[in-house]
Amino acid sequence: MLTEREEAYRVLLLWQKEGTFIKESGIPPFAMEVALGVCRRHLYLQYFIKSLVKKMPSVEACTILEMGLFQMFFMDVPDYAAIDSCVELAKSANLGEGTVRLTNAVLRSARRAGMPELPSQRVRRVSIENSIPEWLVRRWFDVYGGDRAESIARSTLERPVEWIRVNLQKTSAPVLAEKNGVTGASILYDRFIEIPRDVGVKVLLALPEFSAGMFSFQNPSAYDVVKLLDAKPGMKVWDACAAPGGKTALLAEMDPTLDIHASDSSEFRLEKMQDLISRLGLTNVKLSHIDVLNAADTVVEETFDRILLDVPCSNMGVIARRPESVYRLTPESIAELSKLQYEILERAAEKLKPEGRLVYATCSPDPAETTQVINRFVKAHPEFVKVGDPMLPGSRDARLDGFFAQALERKKS
């Protein structure tokens with residue numbers, strides 16, 4: 001059986017070599033804390049290692065060194081324990097005697113030298129200090145100004161707050177919280193309970209109340225997005241990019257009279273979504289495998305009173321929750337996403353009834369994925385108008401994910 005540090009090492013290598021998501025690995029809590037922490041501070045830890053070696057070692061050796069530095073400087077792990085465990089890890093990973101000696105020497109040097117001095121140039125400093133690629137920090141400086149850009153970068157290092165959404169069709173938030181010993185926890189919108197730091201998600205997953213569909217895991221920002229739909233009893237709603245299904249389930253729980261058609265382009269994600277719908281006992285949701293870009297021509301023949309469009313995005317508003325995402329981004333990928341988001345909006349909007357409402361949402365603060373998509377669409381389609389102000393990332397409770405959302409309405413024909 002692997003130790004927790006071996007588990008962390010394994011998933012960190014998988015992330016770097018195959019692009020897997022660390023949170024989906026299911027590793028134990030300590031291993032998860034190390035793996036996510038190293039991923040969040042990857043660029044800084046690489047900078048730290050460069051200050052201690054003449055030539056960067058292999059990915060495997062670097063990963064062990066990053067794990068050691070993270071434990072020594074960002075966790076309450078004694079230096080001797082971090083160094084010894086990393087040396088043993090290099091041995092168990094069969095990286096050779098040279099890597100074992102290197103691991104020992106570099107981590108002991110780090111203990112003596114302390115953290116390296118950061119560059120004086122501000123963009124470069126913010127990039128390294130917060131492990132955000134320099135091109136992206138420069139983009140944030142251009143869009144938001146230096147102070148806000150630095151604040152956004154700093155926030156990506158924080159451990160995100162975890163929440164559960166209570167299924168009010170089956171119980172209430174205060175009853176569920178008291179029954180499971182989380183009294184005193186913050187409750188938002190009467191249905192979201194903030195999970196205390198000392199309560200592990202795995203403990204909650206094992207509760208019979210979870211199996212019975214009394215709660216799910218979801219950030220309350222989803223509620224703000226869904227509320228913009230202003231859905232009325234009996235309406236037909238299309239959640240067009242629905243998987244993994246959190247917002248669909250929330251909508252169905254909020255009003256069992258809604259006729260909800262939830263679709264996604266991924267069959268695999270829809271299978272998981274079916275499990276969610278079944279666990280929650282929702283009877284007003286129909287699932288379909290649909291690519292929105294083809295929906296208007298071939299698949300979706302009906303029109304809807306409400307459409308929810310939570311489009312694929314860069315995840316820039318949830319980097320703290322998905323730290324891997326920031327290293328995948330490029331200026332080209334953002335431009336491609338923006339093009340895709342606009343095309344999805346155009347095709348989905350064709351299925352909206354006159355006087356119907358569509359909510360465009362994305363977990364990104366970048367104008368290329370948010371306001372520029374909306375403004376271009378409204379200019380090209382005068383039959384649509386914006387309804388109210390957009391929901392802006394970072395403008396509300398700091399515990400909430402950074403979602404952007406804008407409601408649009410189709411004028412009466």
# chains A, B, ... in the order shown; residues from 1 in each chain; ligands from 1
>>> select_by_dssp(residues="stretch 159-345 of chain A", states="strand (DSSP E)", output="count of residues only")
34
>>> residues_around(residues="stretch 198-210 of chain A", least_positions_apart="2", cutoff="9 Å", atoms="only C-alpha atoms", output="list in words")
Pro28, Pro29, Glu162, Leu176, Asn180, Val182, Ile195, Pro196, Ala212, Gly213, Met214, Phe215, Ser216, Phe217, Arg279 and Leu280 of chain A
>>> closest_atom_pairs(of="stretch 30-63 of chain A", to="stretch 93-110 of chain A", cutoff="12 Å", atoms="only C-alpha atoms", output="JSON lines")
{"residue": "A:Leu45", "atom": "CA", "partner": "A:Ala110", "partner_atom": "CA", "distance": 11.2}
{"residue": "A:Phe48", "atom": "CA", "partner": "A:Ala110", "partner_atom": "CA", "distance": 8.4}
{"residue": "A:Ile49", "atom": "CA", "partner": "A:Val106", "partner_atom": "CA", "distance": 7.9}
{"residue": "A:Lys50", "atom": "CA", "partner": "A:Val106", "partner_atom": "CA", "distance": 10.3}
{"residue": "A:Ser51", "atom": "CA", "partner": "A:Ala110", "partner_atom": "CA", "distance": 9.2}
{"residue": "A:Leu52", "atom": "CA", "partner": "A:Val106", "partner_atom": "CA", "distance": 6.4}
{"residue": "A:Val53", "atom": "CA", "partner": "A:Val106", "partner_atom": "CA", "distance": 7.4}
{"residue": "A:Lys54", "atom": "CA", "partner": "A:Val106", "partner_atom": "CA", "distance": 11.0}
{"residue": "A:Lys55", "atom": "CA", "partner": "A:Leu102", "partner_atom": "CA", "distance": 11.4}
{"residue": "A:Met56", "atom": "CA", "partner": "A:Leu102", "partner_atom": "CA", "distance": 11.0}
{"residue": "A:Pro57", "atom": "CA", "partner": "A:Thr99", "partner_atom": "CA", "distance": 8.4}
{"residue": "A:Ser58", "atom": "CA", "partner": "A:Thr99", "partner_atom": "CA", "distance": 9.1}
{"residue": "A:Val59", "atom": "CA", "partner": "A:Leu95", "partner_atom": "CA", "distance": 10.9}
{"residue": "A:Glu60", "atom": "CA", "partner": "A:Leu95", "partner_atom": "CA", "distance": 7.8}
{"residue": "A:Ala61", "atom": "CA", "partner": "A:Thr99", "partner_atom": "CA", "distance": 6.5}
{"residue": "A:Cys62", "atom": "CA", "partner": "A:Thr103", "partner_atom": "CA", "distance": 8.9}
{"residue": "A:Thr63", "atom": "CA", "partner": "A:Thr103", "partner_atom": "CA", "distance": 10.4}
>>> atom_distance(atom1="atom CA of A:Ala149", atom2="atom CA of A:Arg322")
18.7 Å
>>> closest_residue(among="A:Asn375, A:Ser413, A:Thr370, A:Ser314", to="A:Pro354", atoms="only C-alpha atoms")
A:Ser413
>>> residues_around(residues="A:Arg306", least_positions_apart="4", cutoff="9 Å", atoms="only C-alpha atoms", output="MDAnalysis selection string")
chainID A and resid 229:231 235:239 352:353 356:359
>>> select_by_dssp(residues="stretch 226-384 of chain A", states="helix (DSSP H, G or I)", output="MDAnalysis selection string")
chainID A and resid 226:227 246:254 267:280 292:299 316:318 325:328 331:349 367:369 371:380
>>> closest_residue(among="A:Arg122, A:Ser131, A:Leu168, A:Lys179", to="A:Phe192", atoms="only C-alpha atoms")
A:Leu168
>>> residues_around(residues="stretch 82-85 of chain A", least_positions_apart="5", cutoff="10 Å", atoms="only C-alpha atoms", output="list of chain:residue names")
A:Arg5, A:Glu6, A:Ile64, A:Leu65, A:Met67, A:Gly68, A:Leu69, A:Phe70, A:Gln71, A:Met72, A:Phe73, A:Met75, A:Asp76, A:Val77, A:Ala90, A:Lys91, A:Thr103, A:Asn104, A:Ala105, A:Val106, A:Leu107, A:Arg108, A:Arg111
>>> residues_around(residues="stretch 381-391 of chain A", least_positions_apart="2", cutoff="6 Å", atoms="only C-alpha atoms", output="CSV table (one decimal) with C-alpha atoms, in the first residue's frame")
chain,number,residue,atom,x,y,z
A,377,PHE,CA,-24.2,39.1,-29.5
A,378,VAL,CA,-26.6,41.9,-28.6
A,379,LYS,CA,-25.2,44.1,-31.3
A,404,PHE,CA,-20.0,36.0,-14.4
A,405,ALA,CA,-23.7,35.9,-15.6
A,406,GLN,CA,-25.9,38.1,-17.7
A,407,ALA,CA,-29.6,37.6,-18.4
A,408,LEU,CA,-30.8,38.3,-22.0
A,409,GLU,CA,-34.5,38.5,-23.1
A,410,ARG,CA,-35.9,38.0,-26.6
A,411,LYS,CA,-38.3,40.7,-27.6
>>> residues_around(residues="A:Ala8", least_positions_apart="4", cutoff="7 Å", atoms="only C-alpha atoms", output="JSON, numbers by chain")
{"A": [4, 12, 31, 32, 34, 35]}
>>> residues_around(residues="A:Arg139", least_positions_apart="6", cutoff="12 Å", atoms="only C-alpha atoms", output="VMD selection string")
chain A and resid 123 127 132 to 133 145 to 146 148 to 150 152 to 153 330 to 331 334 365 to 368
>>> write_last_selection(atoms="N, CA and C atoms", output="short mmCIF file (atom, residue, chain, number, x, y, z; two decimals), in the first residue's frame")
data_model
loop_
_atom_site.label_atom_id
_atom_site.label_comp_id
_atom_site.auth_asym_id
_atom_site.auth_seq_id
_atom_site.Cartn_x
_atom_site.Cartn_y
_atom_site.Cartn_z
N VAL A 123 5.37 42.83 -12.28
CA VAL A 123 4.63 41.76 -12.95
C VAL A 123 5.33 40.42 -12.74
N SER A 127 3.84 37.25 -10.66
CA SER A 127 3.75 35.97 -11.34
C SER A 127 4.39 34.85 -10.51
N ILE A 132 1.29 32.31 -11.08
CA ILE A 132 0.43 32.59 -12.23
C ILE A 132 1.35 32.90 -13.41
N PRO A 133 1.16 32.27 -14.56
CA PRO A 133 2.04 32.56 -15.71
C PRO A 133 2.14 34.06 -15.98
N GLY A 145 -5.81 46.79 -13.85
CA GLY A 145 -4.87 47.65 -13.10
C GLY A 145 -4.05 46.80 -12.14
N GLY A 146 -2.91 47.34 -11.71
CA GLY A 146 -1.95 46.56 -10.94
C GLY A 146 -2.46 46.07 -9.60
N ARG A 148 -5.59 45.56 -8.38
CA ARG A 148 -6.62 44.52 -8.43
C ARG A 148 -6.04 43.23 -9.02
N ALA A 149 -5.17 43.40 -10.01
CA ALA A 149 -4.55 42.21 -10.60
C ALA A 149 -3.77 41.43 -9.54
N GLU A 150 -3.04 42.17 -8.70
CA GLU A 150 -2.26 41.49 -7.67
C GLU A 150 -3.19 40.82 -6.65
N ILE A 152 -6.21 39.63 -7.28
CA ILE A 152 -6.76 38.43 -7.92
C ILE A 152 -5.74 37.31 -7.88
N ALA A 153 -4.50 37.64 -8.19
CA ALA A 153 -3.45 36.61 -8.20
C ALA A 153 -3.27 36.02 -6.80
N THR A 330 -3.45 29.64 -22.52
CA THR A 330 -2.58 30.42 -23.39
C THR A 330 -3.44 31.55 -23.97
N PRO A 331 -2.82 32.61 -24.48
CA PRO A 331 -3.65 33.64 -25.13
C PRO A 331 -4.48 33.05 -26.26
N ILE A 334 -7.63 31.18 -24.94
CA ILE A 334 -8.70 32.09 -24.51
C ILE A 334 -9.45 32.62 -25.73
N PRO A 365 -13.53 35.82 -15.09
CA PRO A 365 -13.73 37.27 -15.05
C PRO A 365 -13.25 37.95 -16.33
N ASP A 366 -12.66 37.19 -17.26
CA ASP A 366 -11.99 37.82 -18.40
C ASP A 366 -13.01 38.41 -19.37
N PRO A 367 -12.85 39.68 -19.76
CA PRO A 367 -13.81 40.31 -20.67
C PRO A 367 -13.98 39.55 -21.98
N ALA A 368 -12.91 38.87 -22.44
CA ALA A 368 -13.01 38.13 -23.70
C ALA A 368 -14.05 37.02 -23.61
#
>>> decode(residues="stretch 248-290 of chain A", atoms="C-alpha atoms", output="PDB file, in the first residue's frame")
ATOM      1  CA  THR A 248     -29.841  21.548 -13.137  1.00  0.00           C
ATOM      2  CA  ALA A 249     -30.390  19.831  -9.796  1.00  0.00           C
ATOM      3  CA  LEU A 250     -30.635  23.134  -7.949  1.00  0.00           C
ATOM      4  CA  LEU A 251     -33.228  24.395 -10.410  1.00  0.00           C
ATOM      5  CA  ALA A 252     -35.225  21.150 -10.160  1.00  0.00           C
ATOM      6  CA  GLU A 253     -35.112  21.247  -6.365  1.00  0.00           C
ATOM      7  CA  MET A 254     -36.201  24.906  -6.305  1.00  0.00           C
ATOM      8  CA  ASP A 255     -39.332  24.207  -8.375  1.00  0.00           C
ATOM      9  CA  PRO A 256     -40.538  20.617  -9.038  1.00  0.00           C
ATOM     10  CA  THR A 257     -43.142  21.955 -11.510  1.00  0.00           C
ATOM     11  CA  LEU A 258     -40.481  23.056 -14.011  1.00  0.00           C
ATOM     12  CA  ASP A 259     -40.112  20.918 -17.135  1.00  0.00           C
ATOM     13  CA  ILE A 260     -36.307  20.752 -17.417  1.00  0.00           C
ATOM     14  CA  HIS A 261     -34.446  19.466 -20.462  1.00  0.00           C
ATOM     15  CA  ALA A 262     -30.778  19.066 -19.479  1.00  0.00           C
ATOM     16  CA  SER A 263     -28.239  18.255 -22.176  1.00  0.00           C
ATOM     17  CA  ASP A 264     -24.491  18.035 -22.636  1.00  0.00           C
ATOM     18  CA  SER A 265     -22.045  17.105 -25.385  1.00  0.00           C
ATOM     19  CA  SER A 266     -20.270  14.536 -23.171  1.00  0.00           C
ATOM     20  CA  GLU A 267     -21.926  11.130 -22.784  1.00  0.00           C
ATOM     21  CA  PHE A 268     -19.528  10.242 -19.964  1.00  0.00           C
ATOM     22  CA  ARG A 269     -20.479  13.326 -17.951  1.00  0.00           C
ATOM     23  CA  LEU A 270     -24.173  12.658 -18.626  1.00  0.00           C
ATOM     24  CA  GLU A 271     -23.840   9.176 -17.115  1.00  0.00           C
ATOM     25  CA  LYS A 272     -22.529  10.740 -13.921  1.00  0.00           C
ATOM     26  CA  MET A 273     -25.304  13.289 -14.075  1.00  0.00           C
ATOM     27  CA  GLN A 274     -27.898  10.518 -14.273  1.00  0.00           C
ATOM     28  CA  ASP A 275     -26.502   9.140 -11.005  1.00  0.00           C
ATOM     29  CA  LEU A 276     -26.939  12.591  -9.441  1.00  0.00           C
ATOM     30  CA  ILE A 277     -30.533  12.940 -10.651  1.00  0.00           C
ATOM     31  CA  SER A 278     -31.366   9.448  -9.374  1.00  0.00           C
ATOM     32  CA  ARG A 279     -29.759  10.030  -5.961  1.00  0.00           C
ATOM     33  CA  LEU A 280     -31.697  13.260  -5.486  1.00  0.00           C
ATOM     34  CA  GLY A 281     -34.950  11.656  -6.669  1.00  0.00           C
ATOM     35  CA  LEU A 282     -35.644  14.414  -9.199  1.00  0.00           C
ATOM     36  CA  THR A 283     -38.519  13.572 -11.545  1.00  0.00           C
ATOM     37  CA  ASN A 284     -38.762  16.778 -13.583  1.00  0.00           C
ATOM     38  CA  VAL A 285     -35.433  16.455 -15.446  1.00  0.00           C
ATOM     39  CA  LYS A 286     -34.961  14.835 -18.869  1.00  0.00           C
ATOM     40  CA  LEU A 287     -31.361  14.175 -19.967  1.00  0.00           C
ATOM     41  CA  SER A 288     -30.116  14.217 -23.579  1.00  0.00           C
ATOM     42  CA  HIS A 289     -26.789  13.873 -25.353  1.00  0.00           C
ATOM     43  CA  ILE A 290     -26.685  17.053 -27.449  1.00  0.00           C
TER      44      ILE A 290
END
